[in-house]
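Data block below; observations after.
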Amino acid sequence: MSHPVETHAILDPTLAPPFPQAALNVLRNPQLRKNVSHAIDVIQGKRARLVAEKTDWQELRSAASAIRAHALEHLGFYLEQFEARCTAAGGHVHWAADADEARQIILDLLRKENASEVIKIKTMTSAEIQLNPFLEAQGIRAFETDLAEIILQLGDEEPSHIVVPALHINRSQVREIFARRMGLKNLSDDPQVLTAAARTYLRQKFLTIPTAISGANFLIAETGSVGVVESEGNGRMCLTLPRTMITLAGIEKVLPCFDNLEVMLQVLARSATGERMNPYTSLWTGVTPGDGPQNFHVVLLDNGRSPMLTRPVERQTLKCIRCAACMNACPVYRQTGGHAYGSVYPGPIGAILTPQLMHMQHAQSLPYASSLCGACYEVCPVKINIPEVLLELRSQVVNQERKQVLRFFDPMYLGLRIANLLFSRAWIFHAAQRLGRIGARLVTRKDGWIHSLPSVGGKWTQTRDLRGLPSQTFHEWWAARGKEAK
Amino acid sequence: MSAPLESRQRILDRIQAATQPSAASAPSYAALPRSYIRKGALTAEARLTLLIERLREYDAEVVESSPEELPAAIAAQLTASGKRSFVAPAGLPADWMASGFDWKIDRGLTSAEIEQAEGVVTAAFCAVADSGTIVLHHSLTEGRRVLTLLPDWHLCILRASQVVETLPEYFDRCPQPPTLVTWISGPSATADIEMTRIKGVHGPRFLHVILVRDQASPAIKNN
């Protein structure tokens, strides 16, 4: 393998190709598919075991779902409460309407600190606003500290999963990246050795870089606290050692009360990594004299979230706690991996979140990247009915498309308009059936099957055969049978 | 700098337009379903056994001790660790700091000084048996957050009366929401490379627990 890690286009929904096209790359890469399915099998197995041992799992799901729904229903109240309590505890709260504003706020804060380097805890929200390339262009180096994020950053790779973002890269590929970028020639591909290499690489950075950026798993309105869930301790390093901490959080991350965590922490780790509890969870409140960063900023990011609140069906999307159980359970994600979704949020949740964050102006192919099997809904710890949202978004995409003049003669829309007419009256339908039987004879083979259809129908028969039309409809058979009985 | 304020108002206006404009009502919050398991069902002894089992699953080492023998048990752990230099939180009881080792007491130690220590000894606020979780509230006996982060070896002294079975029971033990919390479930770990669990990335790679049998305490009785 001369160059084992493929380079991918940036996961920018405004530029990404439609899902079916993007998925082809992965479907033709057996190594990538093997890496993805291996990782998913491991997580799924652990999750299933640990969820099964929880006799009150469904009660926990109901509670988690209700807490999140309640927080969203009163989002304005809880955000203002969070702001007031966080400020009272010595924090500074900033509001960013979109990605541009969030990047600018963070840049201004870093400039005030004279920062040329910054350490980061894994945050998908910063990937959403493409913070790293922006800071890089402004002369500030961002060092990712989560092991998976280091692998991606050093390998110029893109995340393909929201919890284990480098799951598409195997150990020999990691070895190659580390050997090349850390200058370690005789590195083995033992995960233990690779992990130790990352520890050494980062230790001095933790101790010397005085500014850090994090995301947030939870914002607690009651106390103004921020919670971060992690495994490695890189998060604790970033939120304990630096002088200044900047937390970037989506506005939907707020929980009403501290003790809501008794539910959320029980469902999150089990759903995300198949652990009873992740190794480290940290909660801090503003600034604590003598302990941790003495300058603390929270940037609350809207960036397309508030419009999702308007209707209950779409609002569910914002209940998400980013556990990734839906992508682990999804038969489509399992085949395509994350990059095909053209967004930092892949899988079923990405399929509903990304187009909405894009105000339905991009990523319109994603609501179709699903078989609607419902596995995602079944595993979701906050009971987001993803299939329901997918269907709603599909209807929005169709409504957009059929308003376009060019689509008027599109064979699919033409066909659907004709179907609409045919189904409107029984006599038209019966007439069409008779005509169809005649027409179908042209394409039906001797074995009674249709192997290929012309025009758009060909898309269907490309991968499946159709049974030919029977010589008699059920209605006709029933009517004839009735006569015989008399 | 009026733009940020405008954004704040713009976001809040959009939210208010889309949701109920009223303040969150206490009744609607109180009505949220809470039918999950709150109280554990195990006996005090079974609860401790479960905690020890869970901690060992995480590769933490657990030994038991009586309150009287605790200083000796700590000294034995320190000796067995093969390490010499330790840091201690400012409020750590004096008889926990066994003689014959280099102790640095945290009265404003720098990160570099803490980094040089080989180990740390602390108390804890609570432990949750169900998930094998140790909870620190970073009081004077538990130490600042950095203290249990930089040294590679952490010895945590836990009293049996601090052990609860379920996570909700821990929350019942918080009269006020704490300002700082660290929930620790086993030593630092990662599974980022092929989902292979590797112990010890950035936090302490070795977690040792001494469980002190102070069972007479009425706080632990089952209800």
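Ordering of the structure tokens sets the chain letters (A, B, ...); residue numbers start at 1 within each chain; ligands are numbered from 1 in the order shown.
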
Find the residues of chain A that sit at most 6 Å from chain B; for each, write down the nearest two atoms and how far apart they are in Å, to one decimal. Count only C-alpha atoms. Sort by chain, then by number going up, and give it as JSON lines.
```
{"residue": "A:Ala39", "atom": "CA", "partner": "B:Met195", "partner_atom": "CA", "distance": 5.9}
{"residue": "A:Asp56", "atom": "CA", "partner": "B:Tyr36", "partner_atom": "CA", "distance": 5.5}
{"residue": "A:Glu59", "atom": "CA", "partner": "B:Tyr36", "partner_atom": "CA", "distance": 4.9}
{"residue": "A:Leu60", "atom": "CA", "partner": "B:Tyr36", "partner_atom": "CA", "distance": 5.5}
{"residue": "A:Ala63", "atom": "CA", "partner": "B:Pro33", "partner_atom": "CA", "distance": 5.3}
{"residue": "A:Glu73", "atom": "CA", "partner": "B:Thr19", "partner_atom": "CA", "distance": 5.7}
{"residue": "A:His74", "atom": "CA", "partner": "B:Ala24", "partner_atom": "CA", "distance": 5.5}
{"residue": "A:Gly76", "atom": "CA", "partner": "B:Leu12", "partner_atom": "CA", "distance": 5.9}
{"residue": "A:Phe77", "atom": "CA", "partner": "B:Ala23", "partner_atom": "CA", "distance": 5.6}
{"residue": "A:Trp95", "atom": "CA", "partner": "B:Arg8", "partner_atom": "CA", "distance": 5.2}
{"residue": "A:Ala97", "atom": "CA", "partner": "B:Ser7", "partner_atom": "CA", "distance": 5.6}
{"residue": "A:Ala148", "atom": "CA", "partner": "B:Asp192", "partner_atom": "CA", "distance": 5.5}
{"residue": "A:Asn170", "atom": "CA", "partner": "B:Glu194", "partner_atom": "CA", "distance": 6.0}
{"residue": "A:Arg199", "atom": "CA", "partner": "B:Val201", "partner_atom": "CA", "distance": 5.9}
{"residue": "A:Ser231", "atom": "CA", "partner": "B:Ala189", "partner_atom": "CA", "distance": 5.5}
{"residue": "A:Glu232", "atom": "CA", "partner": "B:Ser188", "partner_atom": "CA", "distance": 4.8}
{"residue": "A:Gly233", "atom": "CA", "partner": "B:Gly203", "partner_atom": "CA", "distance": 4.7}
{"residue": "A:Asn234", "atom": "CA", "partner": "B:His202", "partner_atom": "CA", "distance": 5.7}
{"residue": "A:Glu262", "atom": "CA", "partner": "B:Pro168", "partner_atom": "CA", "distance": 5.2}
{"residue": "A:Arg276", "atom": "CA", "partner": "B:Ser131", "partner_atom": "CA", "distance": 5.3}
{"residue": "A:Met277", "atom": "CA", "partner": "B:Ser131", "partner_atom": "CA", "distance": 6.0}
{"residue": "A:Pro279", "atom": "CA", "partner": "B:Ser185", "partner_atom": "CA", "distance": 4.3}
{"residue": "A:Tyr280", "atom": "CA", "partner": "B:Ile184", "partner_atom": "CA", "distance": 4.9}
{"residue": "A:Thr281", "atom": "CA", "partner": "B:Trp183", "partner_atom": "CA", "distance": 5.0}
{"residue": "A:Ser282", "atom": "CA", "partner": "B:Thr182", "partner_atom": "CA", "distance": 4.6}
{"residue": "A:Leu283", "atom": "CA", "partner": "B:Val181", "partner_atom": "CA", "distance": 5.0}
{"residue": "A:Trp284", "atom": "CA", "partner": "B:Leu180", "partner_atom": "CA", "distance": 4.7}
{"residue": "A:Thr285", "atom": "CA", "partner": "B:Thr179", "partner_atom": "CA", "distance": 5.2}
{"residue": "A:Asp291", "atom": "CA", "partner": "B:Arg144", "partner_atom": "CA", "distance": 5.8}
{"residue": "A:Ser306", "atom": "CA", "partner": "B:Ile15", "partner_atom": "CA", "distance": 5.7}
{"residue": "A:Leu309", "atom": "CA", "partner": "B:Ala18", "partner_atom": "CA", "distance": 5.6}
{"residue": "A:Thr310", "atom": "CA", "partner": "B:Ala18", "partner_atom": "CA", "distance": 4.4}
```

Shell around region 207-216 of chain B at 7 Å using only C-alpha atoms, local window under 2 positions removed, as a ChimeraX atom specification | /B:60-67,153-161,186-187,204-205,218

Residues of the last selection are to be written out with C-alpha atoms, as a PDB file, in the first residue's frame.
```pdb
ATOM      1  CA  ALA B  60      -8.584  -0.696  38.852  1.00  0.00           C
ATOM      2  CA  GLU B  61      -6.986  -2.383  41.859  1.00  0.00           C
ATOM      3  CA  VAL B  62      -9.146  -2.625  44.947  1.00  0.00           C
ATOM      4  CA  VAL B  63      -8.173  -3.581  48.492  1.00  0.00           C
ATOM      5  CA  GLU B  64     -10.260  -3.414  51.647  1.00  0.00           C
ATOM      6  CA  SER B  65      -9.339  -2.038  55.018  1.00  0.00           C
ATOM      7  CA  SER B  66     -10.807  -1.290  58.429  1.00  0.00           C
ATOM      8  CA  PRO B  67     -10.812   2.353  59.586  1.00  0.00           C
ATOM      9  CA  TRP B 153      -0.925   6.723  39.641  1.00  0.00           C
ATOM     10  CA  HIS B 154      -4.016   7.563  41.695  1.00  0.00           C
ATOM     11  CA  LEU B 155      -4.868   6.029  45.048  1.00  0.00           C
ATOM     12  CA  CYS B 156      -8.420   6.853  46.069  1.00  0.00           C
ATOM     13  CA  ILE B 157      -9.680   6.241  49.617  1.00  0.00           C
ATOM     14  CA  LEU B 158     -13.353   5.378  49.656  1.00  0.00           C
ATOM     15  CA  ARG B 159     -15.516   4.740  52.712  1.00  0.00           C
ATOM     16  CA  ALA B 160     -18.192   2.044  52.467  1.00  0.00           C
ATOM     17  CA  SER B 161     -20.760   4.582  53.642  1.00  0.00           C
ATOM     18  CA  GLY B 186     -11.853   3.284  35.527  1.00  0.00           C
ATOM     19  CA  PRO B 187      -8.533   4.657  34.362  1.00  0.00           C
ATOM     20  CA  PRO B 204      -3.675   8.447  35.327  1.00  0.00           C
ATOM     21  CA  ARG B 205      -2.950   5.015  33.906  1.00  0.00           C
ATOM     22  CA  PRO B 218     -26.460   4.638  59.595  1.00  0.00           C
TER      23      PRO B 218
END
```

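Residues lying within 12 Å of region 434-444 of chain A, counting only C-alpha atoms and ignoring same-chain neighbours fewer than 3 positions away, are Leu422, Trp427, Ile428, Phe429, His430, Ala431, Asp447, Gly448, Trp449, Ile450, His451, Ser452, Leu453, Pro454, Gly457, Gly458, Thr461, Asp465, Leu466, Arg467, Gly468, Leu469, Pro470, Ser471, Gln472, Thr473 and Glu476 of chain A.
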
Go ahead and save the picked residues with N, CA and C atoms, as a PDB file, in the first residue's frame.
```pdb
ATOM      1  N   LEU A 422     -54.702   8.540 -12.827  1.00  0.00           N
ATOM      2  CA  LEU A 422     -55.211   7.173 -12.966  1.00  0.00           C
ATOM      3  C   LEU A 422     -55.928   6.706 -11.711  1.00  0.00           C
ATOM      4  N   TRP A 427     -62.999   4.019 -13.086  1.00  0.00           N
ATOM      5  CA  TRP A 427     -63.082   3.607 -14.500  1.00  0.00           C
ATOM      6  C   TRP A 427     -61.786   3.918 -15.230  1.00  0.00           C
ATOM      7  N   ILE A 428     -61.139   5.045 -14.844  1.00  0.00           N
ATOM      8  CA  ILE A 428     -59.855   5.354 -15.489  1.00  0.00           C
ATOM      9  C   ILE A 428     -58.836   4.297 -15.096  1.00  0.00           C
ATOM     10  N   PHE A 429     -58.879   3.922 -13.827  1.00  0.00           N
ATOM     11  CA  PHE A 429     -57.928   2.942 -13.324  1.00  0.00           C
ATOM     12  C   PHE A 429     -58.101   1.600 -14.044  1.00  0.00           C
ATOM     13  N   HIS A 430     -59.363   1.159 -14.186  1.00  0.00           N
ATOM     14  CA  HIS A 430     -59.608  -0.121 -14.860  1.00  0.00           C
ATOM     15  C   HIS A 430     -59.171  -0.074 -16.319  1.00  0.00           C
ATOM     16  N   ALA A 431     -59.445   1.052 -16.949  1.00  0.00           N
ATOM     17  CA  ALA A 431     -59.034   1.195 -18.347  1.00  0.00           C
ATOM     18  C   ALA A 431     -57.518   1.125 -18.454  1.00  0.00           C
ATOM     19  N   ASP A 447     -40.548 -16.219 -19.169  1.00  0.00           N
ATOM     20  CA  ASP A 447     -40.636 -16.747 -17.798  1.00  0.00           C
ATOM     21  C   ASP A 447     -41.624 -15.973 -16.925  1.00  0.00           C
ATOM     22  N   GLY A 448     -42.331 -15.006 -17.518  1.00  0.00           N
ATOM     23  CA  GLY A 448     -43.329 -14.265 -16.757  1.00  0.00           C
ATOM     24  C   GLY A 448     -42.768 -13.090 -15.979  1.00  0.00           C
ATOM     25  N   TRP A 449     -41.497 -12.779 -16.158  1.00  0.00           N
ATOM     26  CA  TRP A 449     -40.867 -11.681 -15.413  1.00  0.00           C
ATOM     27  C   TRP A 449     -40.448 -10.542 -16.335  1.00  0.00           C
ATOM     28  N   ILE A 450     -40.439  -9.342 -15.791  1.00  0.00           N
ATOM     29  CA  ILE A 450     -39.921  -8.183 -16.517  1.00  0.00           C
ATOM     30  C   ILE A 450     -38.498  -7.943 -16.034  1.00  0.00           C
ATOM     31  N   HIS A 451     -37.533  -8.083 -16.933  1.00  0.00           N
ATOM     32  CA  HIS A 451     -36.128  -7.942 -16.528  1.00  0.00           C
ATOM     33  C   HIS A 451     -35.590  -6.547 -16.773  1.00  0.00           C
ATOM     34  N   SER A 452     -36.163  -5.833 -17.728  1.00  0.00           N
ATOM     35  CA  SER A 452     -35.726  -4.442 -17.886  1.00  0.00           C
ATOM     36  C   SER A 452     -36.856  -3.578 -18.424  1.00  0.00           C
ATOM     37  N   LEU A 453     -36.973  -2.398 -17.866  1.00  0.00           N
ATOM     38  CA  LEU A 453     -38.005  -1.447 -18.266  1.00  0.00           C
ATOM     39  C   LEU A 453     -37.342  -0.286 -18.985  1.00  0.00           C
ATOM     40  N   PRO A 454     -38.066   0.368 -19.891  1.00  0.00           N
ATOM     41  CA  PRO A 454     -37.484   1.552 -20.536  1.00  0.00           C
ATOM     42  C   PRO A 454     -37.538   2.779 -19.626  1.00  0.00           C
ATOM     43  N   GLY A 457     -38.178   3.711 -15.535  1.00  0.00           N
ATOM     44  CA  GLY A 457     -38.452   2.386 -14.995  1.00  0.00           C
ATOM     45  C   GLY A 457     -37.188   1.554 -14.909  1.00  0.00           C
ATOM     46  N   GLY A 458     -36.236   1.876 -15.774  1.00  0.00           N
ATOM     47  CA  GLY A 458     -34.971   1.150 -15.806  1.00  0.00           C
ATOM     48  C   GLY A 458     -34.219   1.251 -14.492  1.00  0.00           C
ATOM     49  N   THR A 461     -35.485  -1.642 -12.496  1.00  0.00           N
ATOM     50  CA  THR A 461     -35.114  -2.979 -12.957  1.00  0.00           C
ATOM     51  C   THR A 461     -33.606  -3.176 -13.049  1.00  0.00           C
ATOM     52  N   ASP A 465     -35.900  -7.624 -10.533  1.00  0.00           N
ATOM     53  CA  ASP A 465     -36.847  -8.024 -11.569  1.00  0.00           C
ATOM     54  C   ASP A 465     -38.257  -7.746 -11.077  1.00  0.00           C
ATOM     55  N   LEU A 466     -39.146  -7.547 -12.047  1.00  0.00           N
ATOM     56  CA  LEU A 466     -40.553  -7.320 -11.710  1.00  0.00           C
ATOM     57  C   LEU A 466     -41.375  -8.475 -12.269  1.00  0.00           C
ATOM     58  N   ARG A 467     -42.349  -8.908 -11.483  1.00  0.00           N
ATOM     59  CA  ARG A 467     -43.241  -9.937 -12.019  1.00  0.00           C
ATOM     60  C   ARG A 467     -44.148  -9.289 -13.084  1.00  0.00           C
ATOM     61  N   GLY A 468     -44.391  -9.980 -14.177  1.00  0.00           N
ATOM     62  CA  GLY A 468     -45.267  -9.443 -15.218  1.00  0.00           C
ATOM     63  C   GLY A 468     -46.697  -9.335 -14.711  1.00  0.00           C
ATOM     64  N   LEU A 469     -47.522  -8.522 -15.412  1.00  0.00           N
ATOM     65  CA  LEU A 469     -48.903  -8.364 -14.959  1.00  0.00           C
ATOM     66  C   LEU A 469     -49.674  -9.651 -15.221  1.00  0.00           C
ATOM     67  N   PRO A 470     -50.512 -10.080 -14.271  1.00  0.00           N
ATOM     68  CA  PRO A 470     -51.311 -11.293 -14.491  1.00  0.00           C
ATOM     69  C   PRO A 470     -52.368 -11.035 -15.567  1.00  0.00           C
ATOM     70  N   SER A 471     -52.901 -12.121 -16.154  1.00  0.00           N
ATOM     71  CA  SER A 471     -53.856 -11.945 -17.242  1.00  0.00           C
ATOM     72  C   SER A 471     -55.197 -11.429 -16.721  1.00  0.00           C
ATOM     73  N   GLN A 472     -55.418 -11.514 -15.458  1.00  0.00           N
ATOM     74  CA  GLN A 472     -56.696 -11.135 -14.853  1.00  0.00           C
ATOM     75  C   GLN A 472     -56.401 -10.328 -13.595  1.00  0.00           C
ATOM     76  N   THR A 473     -57.150  -9.248 -13.336  1.00  0.00           N
ATOM     77  CA  THR A 473     -56.968  -8.554 -12.062  1.00  0.00           C
ATOM     78  C   THR A 473     -57.793  -9.273 -10.997  1.00  0.00           C
ATOM     79  N   GLU A 476     -61.459  -8.678 -11.476  1.00  0.00           N
ATOM     80  CA  GLU A 476     -62.044  -9.478 -12.566  1.00  0.00           C
ATOM     81  C   GLU A 476     -62.237 -10.923 -12.120  1.00  0.00           C
TER      82      GLU A 476
END
```

Contacts of Phe134 (chain A) at 12 Å or less, counting only C-alpha atoms, minus same-chain residues fewer than 3 places along, as number ranges by chain?
-> A: 99-100, 102-104, 106-107, 126-131, 137-142

Since we have the selection now, will you write its residues out, keeping N, CA and C atoms, as a short mmCIF file (atom, residue, chain, number, x, y, z; two decimals), in the first residue's frame?
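Result file is result-v6.cif:
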```cif
data_model
loop_
_atom_site.label_atom_id
_atom_site.label_comp_id
_atom_site.auth_asym_id
_atom_site.auth_seq_id
_atom_site.Cartn_x
_atom_site.Cartn_y
_atom_site.Cartn_z
N ALA A 99 -22.38 30.40 11.60
CA ALA A 99 -21.00 29.93 11.68
C ALA A 99 -20.00 31.09 11.61
N ASP A 100 -20.27 32.04 10.72
CA ASP A 100 -19.39 33.20 10.57
C ASP A 100 -19.19 33.93 11.89
N ALA A 102 -19.74 32.83 14.93
CA ALA A 102 -19.07 32.00 15.94
C ALA A 102 -17.56 32.01 15.72
N ARG A 103 -17.15 31.86 14.46
CA ARG A 103 -15.71 31.86 14.15
C ARG A 103 -15.09 33.19 14.53
N GLN A 104 -15.80 34.28 14.23
CA GLN A 104 -15.26 35.61 14.52
C GLN A 104 -15.14 35.85 16.02
N ILE A 106 -14.72 33.58 18.34
CA ILE A 106 -13.61 32.76 18.84
C ILE A 106 -12.27 33.38 18.44
N LEU A 107 -12.19 33.85 17.21
CA LEU A 107 -10.94 34.48 16.76
C LEU A 107 -10.61 35.71 17.61
N SER A 126 -17.50 22.36 16.32
CA SER A 126 -16.44 23.15 15.68
C SER A 126 -16.17 22.64 14.27
N ALA A 127 -16.36 21.34 14.06
CA ALA A 127 -16.23 20.82 12.70
C ALA A 127 -17.37 21.35 11.83
N GLU A 128 -18.56 21.45 12.42
CA GLU A 128 -19.72 21.99 11.69
C GLU A 128 -19.42 23.39 11.16
N ILE A 129 -18.75 24.22 11.98
CA ILE A 129 -18.47 25.59 11.51
C ILE A 129 -17.08 25.68 10.87
N GLN A 130 -16.45 24.54 10.63
CA GLN A 130 -15.14 24.48 9.97
C GLN A 130 -14.15 25.44 10.62
N LEU A 131 -14.03 25.30 11.93
CA LEU A 131 -13.21 26.22 12.71
C LEU A 131 -11.72 26.06 12.44
N ALA A 137 -5.97 29.69 8.68
CA ALA A 137 -5.81 30.80 7.74
C ALA A 137 -5.51 32.11 8.46
N GLN A 138 -5.90 32.20 9.73
CA GLN A 138 -5.64 33.40 10.51
C GLN A 138 -4.33 33.28 11.30
N GLY A 139 -3.58 32.23 11.04
CA GLY A 139 -2.28 32.07 11.68
C GLY A 139 -2.32 31.45 13.07
N ILE A 140 -3.43 30.78 13.40
CA ILE A 140 -3.51 30.11 14.71
C ILE A 140 -3.60 28.60 14.48
N ARG A 141 -2.65 27.87 15.08
CA ARG A 141 -2.65 26.42 14.91
C ARG A 141 -3.53 25.76 15.95
N ALA A 142 -4.44 24.94 15.50
CA ALA A 142 -5.32 24.21 16.41
C ALA A 142 -4.81 22.78 16.53
#
```

Output as a ChimeraX atom specification all residues of region 198-343 of chain A that backbone DSSP marks as strand (DSSP E).
-> /A:211-214,218-220,225-230,244-250,254-255,280-285,295-301

Output file for the selection above: N, CA and C atoms, as a short mmCIF file (atom, residue, chain, number, x, y, z; two decimals), in the first residue's frame:
```cif
data_model
loop_
_atom_site.label_atom_id
_atom_site.label_comp_id
_atom_site.auth_asym_id
_atom_site.auth_seq_id
_atom_site.Cartn_x
_atom_site.Cartn_y
_atom_site.Cartn_z
N THR A 211 -4.38 28.11 25.95
CA THR A 211 -5.75 28.38 25.50
C THR A 211 -6.36 27.10 24.93
N ALA A 212 -7.61 26.84 25.28
CA ALA A 212 -8.25 25.61 24.83
C ALA A 212 -9.65 25.88 24.32
N ILE A 213 -10.10 25.00 23.41
CA ILE A 213 -11.47 25.08 22.88
C ILE A 213 -12.14 23.74 23.13
N SER A 214 -13.38 23.77 23.61
CA SER A 214 -14.11 22.52 23.81
C SER A 214 -15.50 22.65 23.20
N PHE A 218 -23.48 18.90 27.61
CA PHE A 218 -24.66 19.44 28.27
C PHE A 218 -24.37 20.83 28.81
N LEU A 219 -25.37 21.70 28.75
CA LEU A 219 -25.34 22.96 29.48
C LEU A 219 -26.44 22.85 30.53
N ILE A 220 -26.12 23.20 31.78
CA ILE A 220 -27.13 23.07 32.84
C ILE A 220 -27.68 24.47 33.17
N SER A 225 -23.68 25.45 34.58
CA SER A 225 -22.53 24.54 34.42
C SER A 225 -22.46 23.98 33.01
N VAL A 226 -21.27 23.48 32.66
CA VAL A 226 -21.05 22.82 31.38
C VAL A 226 -20.53 21.42 31.66
N GLY A 227 -21.02 20.43 30.91
CA GLY A 227 -20.57 19.06 31.09
C GLY A 227 -19.92 18.52 29.84
N VAL A 228 -18.80 17.82 30.02
CA VAL A 228 -18.11 17.18 28.90
C VAL A 228 -17.85 15.71 29.24
N VAL A 229 -18.22 14.85 28.31
CA VAL A 229 -18.12 13.41 28.46
C VAL A 229 -16.99 12.90 27.57
N GLU A 230 -16.05 12.14 28.12
CA GLU A 230 -14.91 11.69 27.32
C GLU A 230 -14.32 10.41 27.90
N THR A 244 -7.19 29.91 29.65
CA THR A 244 -8.43 30.35 29.02
C THR A 244 -9.12 29.18 28.34
N MET A 245 -10.42 29.06 28.55
CA MET A 245 -11.21 28.00 27.94
C MET A 245 -12.36 28.62 27.18
N ILE A 246 -12.53 28.19 25.93
CA ILE A 246 -13.66 28.65 25.12
C ILE A 246 -14.51 27.43 24.78
N THR A 247 -15.76 27.43 25.19
CA THR A 247 -16.66 26.31 24.92
C THR A 247 -17.65 26.72 23.83
N LEU A 248 -17.69 25.94 22.76
CA LEU A 248 -18.63 26.19 21.67
C LEU A 248 -19.76 25.18 21.80
N ALA A 249 -21.00 25.66 21.93
CA ALA A 249 -22.12 24.74 22.14
C ALA A 249 -23.32 25.16 21.31
N GLY A 250 -23.98 24.19 20.71
CA GLY A 250 -25.23 24.45 20.02
C GLY A 250 -26.28 24.87 21.05
N VAL A 254 -28.93 22.57 26.06
CA VAL A 254 -29.26 22.93 27.44
C VAL A 254 -30.21 21.90 28.10
N LEU A 255 -29.94 21.61 29.37
CA LEU A 255 -30.82 20.79 30.21
C LEU A 255 -31.32 21.68 31.35
N TYR A 280 -14.27 9.30 31.88
CA TYR A 280 -14.28 10.60 32.55
C TYR A 280 -15.46 11.46 32.10
N THR A 281 -16.18 12.00 33.07
CA THR A 281 -17.17 13.03 32.78
C THR A 281 -16.84 14.22 33.68
N SER A 282 -16.74 15.40 33.10
CA SER A 282 -16.40 16.59 33.87
C SER A 282 -17.54 17.60 33.81
N LEU A 283 -17.76 18.25 34.94
CA LEU A 283 -18.75 19.32 35.00
C LEU A 283 -18.10 20.49 35.72
N TRP A 284 -18.19 21.68 35.12
CA TRP A 284 -17.63 22.85 35.80
C TRP A 284 -18.60 24.02 35.67
N THR A 285 -18.42 24.98 36.56
CA THR A 285 -19.37 26.09 36.65
C THR A 285 -18.60 27.40 36.63
N ASN A 295 -10.21 32.30 32.79
CA ASN A 295 -11.03 33.01 31.81
C ASN A 295 -11.88 31.95 31.11
N PHE A 296 -13.19 32.12 31.20
CA PHE A 296 -14.05 31.09 30.63
C PHE A 296 -15.14 31.73 29.77
N HIS A 297 -15.23 31.26 28.54
CA HIS A 297 -16.21 31.79 27.59
C HIS A 297 -17.07 30.66 27.03
N VAL A 298 -18.35 30.93 26.89
CA VAL A 298 -19.24 30.00 26.20
C VAL A 298 -19.78 30.71 24.97
N VAL A 299 -19.67 30.06 23.80
CA VAL A 299 -20.25 30.60 22.58
C VAL A 299 -21.47 29.75 22.23
N LEU A 300 -22.65 30.35 22.31
CA LEU A 300 -23.89 29.64 21.99
C LEU A 300 -24.18 29.80 20.50
N LEU A 301 -24.26 28.69 19.80
CA LEU A 301 -24.37 28.71 18.34
C LEU A 301 -25.77 28.33 17.87
#
```

Name the closest residue to Arg236 (chain A) among the candidates A:Ala329, A:Leu50, A:Leu390, A:Ile121; distances are taken between atoms, counting only C-alpha atoms.
->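 When distances to Arg236 (chain A) are compared using only C-alpha atoms, the smallest one comes from A:Ile121.
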
Which residue out of A:Phe206, A:Tyr377, A:Phe474, A:Phe408 has the minimum interatomic distance to Cys326 (chain A) when only C-alpha atoms are used?
-> A:Tyr377

A:Lys120, A:Arg394, A:Lys319, A:Arg85 ranked by distance to Ala221 (chain A), top pick (using only C-alpha atoms) | A:Arg85

Out of A:Ile177, A:Ser188, A:Ser455, A:Asp302, which residue has the shortest atom-to-atom distance to Asp410 (chain A) when counting only C-alpha atoms?
-> A:Ser455

Please provide the set of residues having any atom within 8 Å of region 78-89 of chain B, restricted to only C-alpha atoms, with same-chain residues fewer than 3 positions apart removed, written as a VMD selection string.
-> chain B and resid 74 to 75 92 97 101 to 107 114 117 to 122 140 to 144 147

Write down as a PyMOL selection string the residues of region 149-279 of chain A whose backbone DSSP state falls under helix (DSSP H, G or I).
-> chain A and resi 149-154+171-182+191-208+234-240+251-253+258-273

Suppose you want the space between CA of Asp152 (chain B) and CA of Leu202 (chain A); what is it in Å?
-> 15.1 Å

When you draw a straight line from CA of Lys459 (chain A) to CA of Arg425 (chain A), how long is it in Å?
->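 Separation of CA of Lys459 (chain A) and CA of Arg425 (chain A): 28.2 Å.
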
Selection near Leu15 (chain A), 12 Å with only C-alpha atoms, sequence-local residues under 4 positions removed, as a list in words | Ala9, Ile10, Leu11, Phe19, Ala22, Tyr341, Gly342, Ser343, Met358, Gln361, His362 and Ala363 of chain A

Contacts of Gln294 (chain A) at 9 Å (only C-alpha atoms; same-chain gap of 4+ positions) as number ranges by chain = A: 90-91, 242-245, 286-290

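Picture a line from CA of Lys446 (chain A) to CA of Trp478 (chain A); it runs 26.3 Å.
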